[in-house]
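Beneath this line is the structure, given in structure tokens, with notes to follow.
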Amino acid sequence: AIIVPIGSTEQHGPIGLIGTDSLTASAVAHGIGECNGALVGPSVSLSVAQFNLGFPGTISLRASTLMAIVNDYVLSLKRQGFEQFYFVNGHGANVAVAKAAFQDIYAQWSLGSMAGQPPRCRLRSWWDYPQADALRKQWYGLGEGMHATPSEIAMTLHLLPGSERKASPQALAAPAQLPAAFLRDHGGDNHWDAQTHQAAFPDGRVGSDSALATAEQGKQLLEAAIAGGCDDFAAFV
């Protein structure tokens, strides 16, 4: 088995770091690897982020490109003897794309174009592990939002002390909470085009009160995510 961090390279609001999704996924993945004595592969750090292309620093792949990368990543290591691929995710838009890629991988065995034992793949977002999810809800409530969340920014504050970006008090004011209908329709970063997205969320945050984040919270979130991931990985393998 091998653990694969998968994130994104995109803006994260007034105080978040570009690359936050990859930084967090990699940290959790390496913690799970240490816990289980498992290898960790190189991070997939580019992803589907077209809705954030209105903000400098964002690099987006087409969904079909990311699916091809996941396919080639898995099949390259499958050829070398790896059988189980555990993706630790840090970017909401990766979920649907990676799971579609898994189905295309399996289809190559189902349709007879590949022989032998097929690989097994799983993707887990670090914030969905029960221990980490409980802390997010306890500390941030509706202020967690959907993008540039205080939980992910807290983790980067812990991982990279002194890296926080400064912003004016006005820029750090809590954004409007997201309506239930928006959460229903746009979960998993199912957003529209970049122009529409930037007009709706001009500072890059999507209902997220980033200023709630602290480095100490980030430390506890990381530990909680690793603990949840250790159990889930062990069950997978």
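Numbering starts fresh at 1 for the residues of each chain in the structure tokens, the chains themselves are lettered A, B, ... in the order given, and ligands are numbered from 1 as they appear.
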
I want to know what sits within 8 Å of region 35-52 of chain A, based on only C-alpha atoms, with residues of the same chain fewer than 5 positions away left out; could you give that as a ChimeraX atom specification?
/A:1-11,19,22,26,29-30,58-63,66,93-94,191-195,197-198,204,230,234

Do a neighbour search on His147 (chain A) at 8 Å with only C-alpha atoms, toss out local chain neighbours closer than 3 positions, and write the hits as a VMD selection string.
chain A and resid 12 204 to 208

Keeping only N, CA, C and O atoms, write the selected residues as a PDB file, in the first residue's frame.
ATOM      1  N   HIS A  12      -6.218  31.513  -1.147  1.00  0.00           N
ATOM      2  CA  HIS A  12      -6.955  31.167   0.057  1.00  0.00           C
ATOM      3  C   HIS A  12      -7.307  32.404   0.876  1.00  0.00           C
ATOM      4  O   HIS A  12      -7.063  32.470   2.085  1.00  0.00           O
ATOM      5  N   GLY A 204     -12.178  36.127  -1.944  1.00  0.00           N
ATOM      6  CA  GLY A 204     -11.749  34.739  -2.075  1.00  0.00           C
ATOM      7  C   GLY A 204     -12.327  33.789  -1.052  1.00  0.00           C
ATOM      8  O   GLY A 204     -12.318  32.578  -1.270  1.00  0.00           O
ATOM      9  N   ARG A 205     -12.826  34.308   0.061  1.00  0.00           N
ATOM     10  CA  ARG A 205     -13.412  33.434   1.076  1.00  0.00           C
ATOM     11  C   ARG A 205     -14.842  33.067   0.672  1.00  0.00           C
ATOM     12  O   ARG A 205     -15.582  33.901   0.162  1.00  0.00           O
ATOM     13  N   VAL A 206     -15.211  31.821   0.944  1.00  0.00           N
ATOM     14  CA  VAL A 206     -16.580  31.380   0.650  1.00  0.00           C
ATOM     15  C   VAL A 206     -17.249  31.042   1.983  1.00  0.00           C
ATOM     16  O   VAL A 206     -17.235  29.904   2.448  1.00  0.00           O
ATOM     17  N   GLY A 207     -17.769  32.089   2.627  1.00  0.00           N
ATOM     18  CA  GLY A 207     -18.452  31.918   3.903  1.00  0.00           C
ATOM     19  C   GLY A 207     -17.555  31.533   5.056  1.00  0.00           C
ATOM     20  O   GLY A 207     -18.042  31.118   6.108  1.00  0.00           O
ATOM     21  N   SER A 208     -16.252  31.674   4.914  1.00  0.00           N
ATOM     22  CA  SER A 208     -15.297  31.211   5.928  1.00  0.00           C
ATOM     23  C   SER A 208     -14.708  32.376   6.715  1.00  0.00           C
ATOM     24  O   SER A 208     -14.161  33.305   6.131  1.00  0.00           O
TER      25      SER A 208
END

If you run DSSP on the backbone here, which positions in region 2-235 of chain A get alpha helix (DSSP H)? Please write them as a ChimeraX atom specification.
/A:20-36,63-79,94-110,130-140,150-159,180-186,194-200,215-235

From the set A:Ala211, A:Ala154, A:Leu135, A:Leu53, which residue has the shortest atom-to-atom contact distance to Pro169 (chain A), counting only C-alpha atoms?
A:Ala211

Would you tabulate, counting only C-alpha atoms, all residues of region 147-194 of chain A that have an atom at most 12 Å from an atom of region 119-132 of chain A, showing the closest pair of atoms and their distance in Å to one decimal, sorted by chain then ascending number, as JSON lines?
{"residue": "A:Thr149", "atom": "CA", "partner": "A:Trp127", "partner_atom": "CA", "distance": 10.7}
{"residue": "A:Pro150", "atom": "CA", "partner": "A:Trp127", "partner_atom": "CA", "distance": 11.6}
{"residue": "A:Ser151", "atom": "CA", "partner": "A:Trp127", "partner_atom": "CA", "distance": 8.3}
{"residue": "A:Glu152", "atom": "CA", "partner": "A:Trp127", "partner_atom": "CA", "distance": 8.6}
{"residue": "A:Met155", "atom": "CA", "partner": "A:Trp127", "partner_atom": "CA", "distance": 11.1}
{"residue": "A:Gly188", "atom": "CA", "partner": "A:Ser125", "partner_atom": "CA", "distance": 10.7}

Interatomic distance between CA of Arg136 (chain A) and CA of Thr24 (chain A)?
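Those two atoms sit 14.6 Å apart.
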